[in-house]
file data_7.cif (mmCIF, C-alpha atoms and all ligand atoms)
data_protein
#
loop_
_atom_site.label_atom_id
_atom_site.label_comp_id
_atom_site.auth_asym_id
_atom_site.auth_seq_id
_atom_site.Cartn_x
_atom_site.Cartn_y
_atom_site.Cartn_z
CA MET J 1271 16.13 -33.09 31.71
CA THR J 1272 12.79 -33.72 33.44
CA LEU J 1273 13.05 -35.62 36.72
CA SER J 1274 10.21 -37.97 37.59
CA MET J 1275 9.40 -38.53 41.25
CA ALA J 1276 7.19 -41.28 42.74
CA LEU J 1277 5.54 -40.12 45.97
CA THR J 1278 3.95 -42.52 48.44
CA LYS J 1279 0.31 -41.60 48.86
CA GLY J 1280 -1.48 -41.83 52.21
CA ARG J 1281 0.20 -40.97 55.49
CA LEU J 1282 3.44 -39.65 53.94
CA GLU J 1283 1.76 -37.56 51.26
CA LYS J 1284 1.00 -34.34 53.15
CA ASN J 1285 4.45 -34.03 54.74
CA THR J 1286 6.20 -34.82 51.47
CA VAL J 1287 4.27 -32.13 49.59
CA GLU J 1288 5.01 -29.71 52.43
CA MET J 1289 8.74 -30.42 52.04
CA LEU J 1290 8.58 -29.85 48.29
CA ASP J 1291 6.80 -26.55 49.03
CA GLN J 1292 9.57 -25.60 51.43
CA CYS J 1293 12.05 -26.27 48.60
CA GLY J 1294 10.20 -23.53 46.67
CA TYR J 1295 8.80 -25.98 44.11
CA GLY J 1296 5.41 -25.51 42.36
CA THR J 1297 3.20 -28.16 43.97
CA GLU J 1298 -0.25 -26.59 43.32
CA ALA J 1299 -1.40 -29.55 41.20
CA LEU J 1300 -0.45 -32.01 43.97
CA LYS J 1301 -2.51 -30.02 46.46
CA ASN J 1302 -5.64 -29.85 44.26
CA LYS J 1303 -5.34 -33.29 42.85
CA GLY J 1304 -8.85 -34.73 42.48
CA ARG J 1305 -8.40 -38.25 41.09
CA ALA J 1306 -5.36 -37.42 38.93
CA LEU J 1307 -2.19 -39.44 39.54
CA VAL J 1308 0.41 -37.55 37.46
CA PHE J 1309 1.29 -33.93 38.23
CA ALA J 1310 3.67 -31.43 36.65
CA ASP J 1311 5.58 -29.05 38.88
CA THR J 1312 4.80 -25.46 37.90
CA LYS J 1313 8.26 -24.10 38.76
CA LYS J 1314 10.75 -26.94 38.24
CA ASP J 1315 11.33 -29.50 35.53
CA LEU J 1316 9.78 -32.17 37.75
CA GLU J 1317 6.92 -34.61 37.28
CA TYR J 1318 5.26 -36.35 40.23
CA PHE J 1319 3.40 -39.70 40.43
CA LEU J 1320 1.31 -40.70 43.45
CA VAL J 1321 1.60 -44.42 44.18
CA LYS J 1322 1.23 -47.02 46.94
CA ALA J 1323 4.36 -47.56 49.04
CA ASN J 1324 5.46 -50.91 47.55
CA ASP J 1325 4.85 -49.63 44.02
CA CYS J 1326 7.11 -46.65 44.70
CA ILE J 1327 10.08 -49.05 44.91
CA THR J 1328 8.91 -50.89 41.77
CA TYR J 1329 8.65 -47.68 39.71
CA VAL J 1330 12.08 -46.52 40.86
CA GLU J 1331 13.75 -49.91 40.32
CA HIS J 1332 12.39 -50.01 36.76
CA GLY J 1333 13.51 -46.42 36.07
CA VAL J 1334 9.98 -45.21 35.31
CA ALA J 1335 10.49 -42.84 38.24
CA ASP J 1336 13.99 -41.42 38.65
CA VAL J 1337 13.50 -40.90 42.38
CA GLY J 1338 10.96 -41.88 45.03
CA VAL J 1339 9.86 -41.05 48.55
CA VAL J 1340 9.02 -44.10 50.64
CA GLY J 1341 9.10 -45.28 54.27
CA LYS J 1342 12.07 -47.25 55.60
CA ASP J 1343 9.56 -49.93 56.67
CA THR J 1344 8.69 -50.57 53.02
CA LEU J 1345 12.36 -50.52 52.00
CA LEU J 1346 13.32 -53.08 54.66
CA GLU J 1347 10.60 -55.40 53.41
CA GLY J 1348 10.84 -54.71 49.66
CA GLY J 1349 13.43 -54.65 46.84
CA SER J 1350 17.05 -53.52 46.92
CA ASP J 1351 18.01 -52.33 43.41
CA TYR J 1352 18.15 -48.59 44.12
CA TYR J 1353 20.26 -46.06 46.00
CA GLU J 1354 18.89 -44.77 49.30
CA LEU J 1355 20.36 -41.28 49.43
CA LEU J 1356 18.55 -39.16 52.01
CA ASP J 1357 16.64 -39.53 55.28
CA LEU J 1358 13.81 -37.00 54.97
CA ASP J 1359 13.04 -37.15 58.71
CA ILE J 1360 9.26 -37.26 58.12
CA GLY J 1361 6.80 -40.13 58.66
CA LYS J 1362 8.64 -40.99 61.84
CA CYS J 1363 7.56 -44.11 63.71
CA LYS J 1364 9.22 -47.41 64.70
CA PHE J 1365 8.99 -51.17 64.38
CA ILE J 1366 8.22 -52.80 67.70
CA VAL J 1367 7.60 -56.28 69.11
CA ALA J 1368 4.44 -56.35 71.24
CA SER J 1369 2.26 -58.88 73.03
CA LEU J 1370 -0.33 -59.25 75.74
CA PRO J 1371 1.40 -58.69 79.13
CA GLU J 1372 0.97 -62.38 80.06
CA ASN J 1373 2.65 -63.67 76.86
CA ASP J 1374 6.37 -63.62 77.66
CA LEU J 1375 7.28 -64.77 74.17
CA PHE J 1376 11.05 -64.28 74.62
CA ASN J 1377 11.05 -66.93 77.35
CA LYS J 1378 8.37 -69.21 75.96
CA VAL J 1379 9.37 -72.85 75.67
CA GLY J 1380 8.21 -74.35 72.36
CA HIS J 1381 6.64 -72.93 69.24
CA VAL J 1382 6.36 -69.10 69.01
CA LYS J 1383 3.98 -67.52 66.47
CA ILE J 1384 4.35 -63.90 65.34
CA GLY J 1385 1.71 -61.97 63.40
CA THR J 1386 2.93 -59.20 61.10
CA LYS J 1387 2.45 -57.24 57.89
CA TYR J 1388 6.27 -57.30 57.58
CA PRO J 1389 7.44 -60.97 57.47
CA LYS J 1390 11.00 -60.23 56.34
CA VAL J 1391 11.59 -57.62 59.08
CA ALA J 1392 10.10 -59.95 61.71
CA GLN J 1393 12.04 -63.00 60.54
CA ASN J 1394 15.36 -61.08 60.53
CA TYR J 1395 14.68 -59.66 63.97
CA PHE J 1396 13.97 -63.05 65.56
CA LEU J 1397 16.85 -64.77 63.73
CA GLY J 1398 19.08 -62.02 65.16
CA ARG J 1399 17.92 -63.10 68.62
CA GLY J 1400 18.57 -66.75 67.78
CA MET J 1401 14.84 -67.57 67.78
CA ASP J 1402 13.27 -69.67 65.04
CA VAL J 1403 9.65 -68.42 65.08
CA GLU J 1404 6.67 -69.06 62.84
CA ILE J 1405 5.68 -65.89 60.97
CA ILE J 1406 1.99 -65.43 60.18
CA LYS J 1407 1.38 -62.78 57.51
CA ILE J 1408 -1.45 -60.39 58.37
CA ASP J 1409 -2.55 -57.56 56.08
CA GLY J 1410 -3.98 -55.09 58.61
CA SER J 1411 -5.31 -54.61 62.15
CA VAL J 1412 -2.31 -56.69 63.23
CA GLU J 1413 -2.98 -55.88 66.91
CA LEU J 1414 -6.05 -58.09 66.76
CA SER J 1415 -4.09 -61.29 66.09
CA PRO J 1416 -2.69 -61.90 69.62
CA LEU J 1417 -6.03 -60.90 71.17
CA LEU J 1418 -7.76 -63.68 69.24
CA GLY J 1419 -5.00 -66.21 69.97
CA LEU J 1420 -3.72 -66.42 66.39
CA CYS J 1421 -0.21 -65.65 67.58
CA ASP J 1422 1.92 -65.01 70.70
CA GLY J 1423 3.01 -61.53 69.64
CA ILE J 1424 3.34 -59.10 66.76
CA VAL J 1425 5.93 -57.07 64.89
CA ASP J 1426 4.26 -53.85 63.76
CA ILE J 1427 4.61 -50.11 63.36
CA MET J 1428 4.04 -47.90 66.39
CA GLU J 1429 3.67 -44.16 66.12
CA THR J 1430 1.73 -42.71 69.07
CA GLY J 1431 1.22 -46.10 70.81
CA THR J 1432 -2.56 -45.56 70.93
CA THR J 1433 -3.48 -48.69 68.97
CA LEU J 1434 -1.37 -50.92 71.25
CA ARG J 1435 -2.68 -49.27 74.41
CA GLU J 1436 -6.33 -49.44 73.40
CA ASN J 1437 -5.94 -53.15 72.71
CA GLY J 1438 -4.11 -53.98 75.93
CA LEU J 1439 -0.77 -54.82 74.28
CA ILE J 1440 2.66 -53.88 75.63
CA VAL J 1441 5.94 -53.18 73.83
CA LEU J 1442 8.55 -55.89 74.50
CA ASP J 1443 11.29 -54.45 72.29
CA THR J 1444 12.04 -51.88 69.59
CA VAL J 1445 13.26 -53.35 66.29
CA CYS J 1446 14.38 -50.11 64.61
CA PRO J 1447 13.30 -46.52 63.91
CA ILE J 1448 11.46 -45.68 60.67
CA SER J 1449 11.30 -42.51 58.58
CA ALA J 1450 10.74 -41.64 54.93
CA ARG J 1451 13.72 -41.91 52.58
CA LEU J 1452 14.60 -40.57 49.14
CA ILE J 1453 15.49 -43.45 46.83
CA VAL J 1454 17.11 -43.10 43.42
CA ASN J 1455 17.19 -45.28 40.31
CA LYS J 1456 20.78 -46.39 39.67
CA ALA J 1457 20.90 -45.50 35.95
CA SER J 1458 19.13 -42.16 36.54
CA PHE J 1459 21.81 -41.28 39.06
CA ARG J 1460 24.39 -41.51 36.25
CA LEU J 1461 22.30 -39.90 33.50
CA LYS J 1462 20.61 -37.13 35.53
CA ARG J 1463 23.24 -36.69 38.22
CA LYS J 1464 23.12 -32.89 38.36
CA GLU J 1465 19.31 -32.72 38.58
CA ILE J 1466 19.26 -35.39 41.30
CA LEU J 1467 22.07 -33.79 43.31
CA ASP J 1468 20.25 -30.41 43.08
CA LEU J 1469 17.04 -32.02 44.36
CA ILE J 1470 18.93 -33.70 47.21
CA ALA J 1471 20.61 -30.39 48.15
CA ASP J 1472 17.21 -28.63 48.26
CA LEU J 1473 15.62 -31.38 50.36
CA GLU J 1474 18.65 -31.63 52.63
CA SER J 1475 18.48 -27.94 53.50
CA VAL J 1476 14.76 -28.31 54.33
CA VAL J 1477 15.55 -31.30 56.58
CA LYS J 1478 18.21 -29.22 58.38
CA ASN J 1479 15.93 -26.19 58.77
CA ASN J 1480 13.07 -28.31 60.09
CA ALA J 1481 15.40 -30.03 62.57
CA GLN J 1482 16.64 -26.64 63.82
CA SER J 1483 13.15 -25.21 64.20
CA THR J 1484 12.01 -28.17 66.33
CA GLN J 1485 15.01 -27.91 68.69
N1 LIG J 1501 1.19 -44.79 62.42
C1 LIG J 1501 1.68 -45.22 61.28
N2 LIG J 1501 1.28 -46.41 60.81
C2 LIG J 1501 1.72 -46.88 59.62
N3 LIG J 1501 2.61 -46.22 58.84
C3 LIG J 1501 3.07 -45.03 59.28
C4 LIG J 1501 2.62 -44.49 60.50
N4 LIG J 1501 3.23 -43.30 60.64
C5 LIG J 1501 4.00 -43.11 59.57
N5 LIG J 1501 3.94 -44.18 58.74
C6 LIG J 1501 4.65 -44.28 57.44
O1 LIG J 1501 3.68 -44.02 56.40
C7 LIG J 1501 3.81 -44.97 55.34
C8 LIG J 1501 2.49 -45.07 54.60
O2 LIG J 1501 1.51 -45.57 55.46
P1 LIG J 1501 0.01 -45.70 55.01
O3 LIG J 1501 -0.72 -46.24 56.20
O4 LIG J 1501 -0.45 -44.44 54.41
O5 LIG J 1501 0.06 -46.75 53.82
P2 LIG J 1501 0.07 -48.34 53.85
O6 LIG J 1501 1.04 -48.83 54.89
O7 LIG J 1501 0.29 -48.77 52.43
O8 LIG J 1501 -1.35 -48.72 54.40
P3 LIG J 1501 -2.73 -48.88 53.67
O9 LIG J 1501 -2.67 -50.27 53.08
O10 LIG J 1501 -3.67 -48.71 54.82
O11 LIG J 1501 -2.83 -47.79 52.61
C9 LIG J 1501 4.31 -46.22 56.03
O12 LIG J 1501 4.96 -47.06 55.10
C10 LIG J 1501 5.26 -45.66 57.10
O13 LIG J 1501 6.53 -45.44 56.55
O1 LIG J 1502 0.89 -46.10 67.31
P1 LIG J 1502 -0.29 -45.60 66.54
O2 LIG J 1502 -0.26 -44.09 66.37
O3 LIG J 1502 -1.58 -46.08 67.10
O4 LIG J 1502 -0.17 -46.12 65.03
C1 LIG J 1502 0.14 -47.46 64.74
C2 LIG J 1502 -0.94 -48.14 63.97
O5 LIG J 1502 -1.10 -47.54 62.69
C3 LIG J 1502 -0.88 -48.53 61.66
O6 LIG J 1502 -2.06 -49.13 61.27
P2 LIG J 1502 -3.03 -48.48 60.17
O7 LIG J 1502 -3.80 -47.36 60.76
O8 LIG J 1502 -2.22 -48.15 58.95
O9 LIG J 1502 -4.05 -49.61 59.86
P3 LIG J 1502 -3.79 -51.13 59.46
O10 LIG J 1502 -3.74 -51.86 60.77
O11 LIG J 1502 -4.99 -51.51 58.67
O12 LIG J 1502 -2.50 -51.24 58.69
C4 LIG J 1502 0.01 -49.57 62.36
O13 LIG J 1502 -0.05 -50.83 61.71
C5 LIG J 1502 -0.55 -49.58 63.75
O14 LIG J 1502 -1.70 -50.42 63.83
#
call {"tool": "encode", "arguments": {"input": "data_7.cif", "output": "structure tokens", "more": "lines below"}}
Ligand SMILES: Nc1ncnc2c1ncn2[C@@H]1O[C@H](COP(=O)(O)OP(=O)(O)OP(=O)(O)O)[C@@H](O)[C@H]1O
Ligand SMILES: O=P(O)(O)OC[C@H]1O[C@H](OP(=O)(O)OP(=O)(O)O)[C@H](O)[C@@H]1O
result
Amino acid sequence: MTLSMALTKGRLEKNTVEMLDQCGYGTEALKNKGRALVFADTKKDLEYFLVKANDCITYVEHGVADVGVVGKDTLLEGGSDYYELLDLDIGKCKFIVASLPENDLFNKVGHVKIGTKYPKVAQNYFLGRGMDVEIIKIDGSVELSPLLGLCDGIVDIMETGTTLRENGLIVLDTVCPISARLIVNKASFRLKRKEILDLIADLESVVKNNAQSTQ
């Protein structure tokens, strides 16, 4: 049976395709893609879709894609009707709390405002610290919001730390690490169990090899 796989386009795309290559799969179409969005594997009974991160969860939850590759950041913020079966150990970054050095938001008396693209993650983090903060949803360039006085601090993704540094912000705390995960539609896992377990075994051995070669 053909397996359909939703891949997150953008930052995760190159590393995901590289992993599929390492599995020995036929990813030529994905590498010469033009404006196409659906690609057939040339060696395996696999079909790929390239989608935005949030849509990856939607396609998998609805069973249009049997499996998907998506960042843990998106999973923490998005739906929950899927199985998360493998940490692919790519797209590694973390959620952090940051502010201007003079804004000690953990000790501020009164109203605290937090800018973020990830309101659910931010809300849960601050509730966990017993702080009832106001969350202000921002869609991008989140680091700008404390500089302009829109908020006291931010919850955002940090990879190299360059964006924070170049905007004079400091990390106050780490919320959690992030990496790309393989998610699976629940019904597909019953109906296409063998195909999905084979895919997981292939990806798992690539994850192990890559971990060994970076040691
Ligand atoms: N420095 C980084 N910043 C943001 N995401 C990163 C970073 N490094 C790895 N990632 C991972 O890559 C995934 C895709 O990020 P990407 O920026 O391509 O898409 P996006 O978050 O939908 O942004 P955009 O709306 O700009 O396309 C993220 O969900 C995250 O898991
Ligand atoms: O630690 P760094 O390596 O600097 O990476 C982190 C930055 O990258 C992401 O933004 P992105 O480039 O996706 O732009 P956006 O602000 O429009 O989401 C993220 O939101 C940070 O701003």
call {"tool": "closest_residue", "arguments": {"input": "data_7.cif", "among": "J:Ile1406, J:Val1334, J:Ala1392, J:Val1412", "to": "ligand LIG 1502 (chain J)", "atoms": "all atoms listed in the file"}}
result
J:Val1412
call {"tool": "atom_distance", "arguments": {"input": "data_7.cif", "atom1": "atom N4 of ligand LIG 1501 (chain J)", "atom2": "CA of Lys1342 (chain J)"}}
result
10.9 Å
call {"tool": "atom_distance", "arguments": {"input": "data_7.cif", "atom1": "atom C3 of ligand LIG 1502 (chain J)", "atom2": "CA of Asn1394 (chain J)"}}
result
20.6 Å
call {"tool": "residues_around", "arguments": {"input": "data_7.cif", "residues": "Val1367 (chain J)", "least_positions_apart": "3", "cutoff": "6 Å", "atoms": "all atoms listed in the file", "output": "PyMOL selection string"}}
result
chain J and resi 1424-1425+1441-1443
call {"tool": "atom_distance", "arguments": {"input": "data_7.cif", "atom1": "CA of Asn1324 (chain J)", "atom2": "CA of Asp1359 (chain J)"}}
result
19.3 Å
call {"tool": "residues_near_point", "arguments": {"input": "data_7.cif", "point": "(-0.4, -42.7, 48.9)", "cutoff": "8 Å", "atoms": "all atoms listed in the file", "output": "PyMOL selection string"}}
result
chain J and resi 1277-1283+1320-1323
call {"tool": "residues_near_ligand", "arguments": {"input": "data_7.cif", "ligand": "ligand LIG 1501 (chain J)", "cutoff": "10 Å", "atoms": "all atoms listed in the file", "output": "ChimeraX atom specification"}}
result
/J:1278-1283,1321-1325,1339-1345,1360-1365,1387,1409-1411,1426-1433,1448-1451
call {"tool": "residues_near_point", "arguments": {"input": "data_7.cif", "point": "(-5.9, -68.5, 65.5)", "cutoff": "12 Å", "atoms": "all atoms listed in the file", "output": "PyMOL selection string"}}
result
chain J and resi 1383-1385+1406+1408+1414-1422
call {"tool": "closest_residue", "arguments": {"input": "data_7.cif", "among": "J:Leu1316, J:Ile1440, J:Ala1306, J:Val1337", "to": "ligand LIG 1502 (chain J)", "atoms": "only C-alpha atoms and all ligand atoms"}}
result
J:Ile1440
call {"tool": "closest_residue", "arguments": {"input": "data_7.cif", "among": "J:Val1379, J:Leu1434, J:Val1403, J:Ile1453", "to": "ligand LIG 1502 (chain J)", "atoms": "all atoms listed in the file"}}
result
J:Leu1434
call {"tool": "residues_around", "arguments": {"input": "data_7.cif", "residues": "Thr1312 (chain J)", "least_positions_apart": "6", "cutoff": "8 Å", "atoms": "all atoms listed in the file", "output": "PyMOL selection string"}}
result
chain J and resi 1295-1298
call {"tool": "residues_around", "arguments": {"input": "data_7.cif", "residues": "Lys1314 (chain J)", "least_positions_apart": "6", "cutoff": "12 Å", "atoms": "all atoms listed in the file", "output": "count of residues only"}}
result
14
call {"tool": "residues_around", "arguments": {"input": "data_7.cif", "residues": "Leu1467 (chain J)", "least_positions_apart": "2", "cutoff": "12 Å", "atoms": "all atoms listed in the file", "output": "VMD selection string"}}
result
chain J and resid 1273 1337 1355 to 1356 1452 1454 1458 to 1465 1469 to 1474
call {"tool": "closest_residue", "arguments": {"input": "data_7.cif", "among": "J:Ala1335, J:Ala1299, J:Leu1439, J:Cys1326", "to": "ligand LIG 1502 (chain J)", "atoms": "all atoms listed in the file"}}
result
J:Leu1439
call {"tool": "closest_residue", "arguments": {"input": "data_7.cif", "among": "J:Thr1386, J:Thr1328, J:Asn1285, J:Asn1373", "to": "ligand LIG 1502 (chain J)", "atoms": "all atoms listed in the file"}}
result
J:Thr1386
call {"tool": "closest_residue", "arguments": {"input": "data_7.cif", "among": "J:Phe1396, J:Gln1485, J:Ile1366, J:Gly1380", "to": "ligand LIG 1502 (chain J)", "atoms": "all atoms listed in the file"}}
result
J:Ile1366
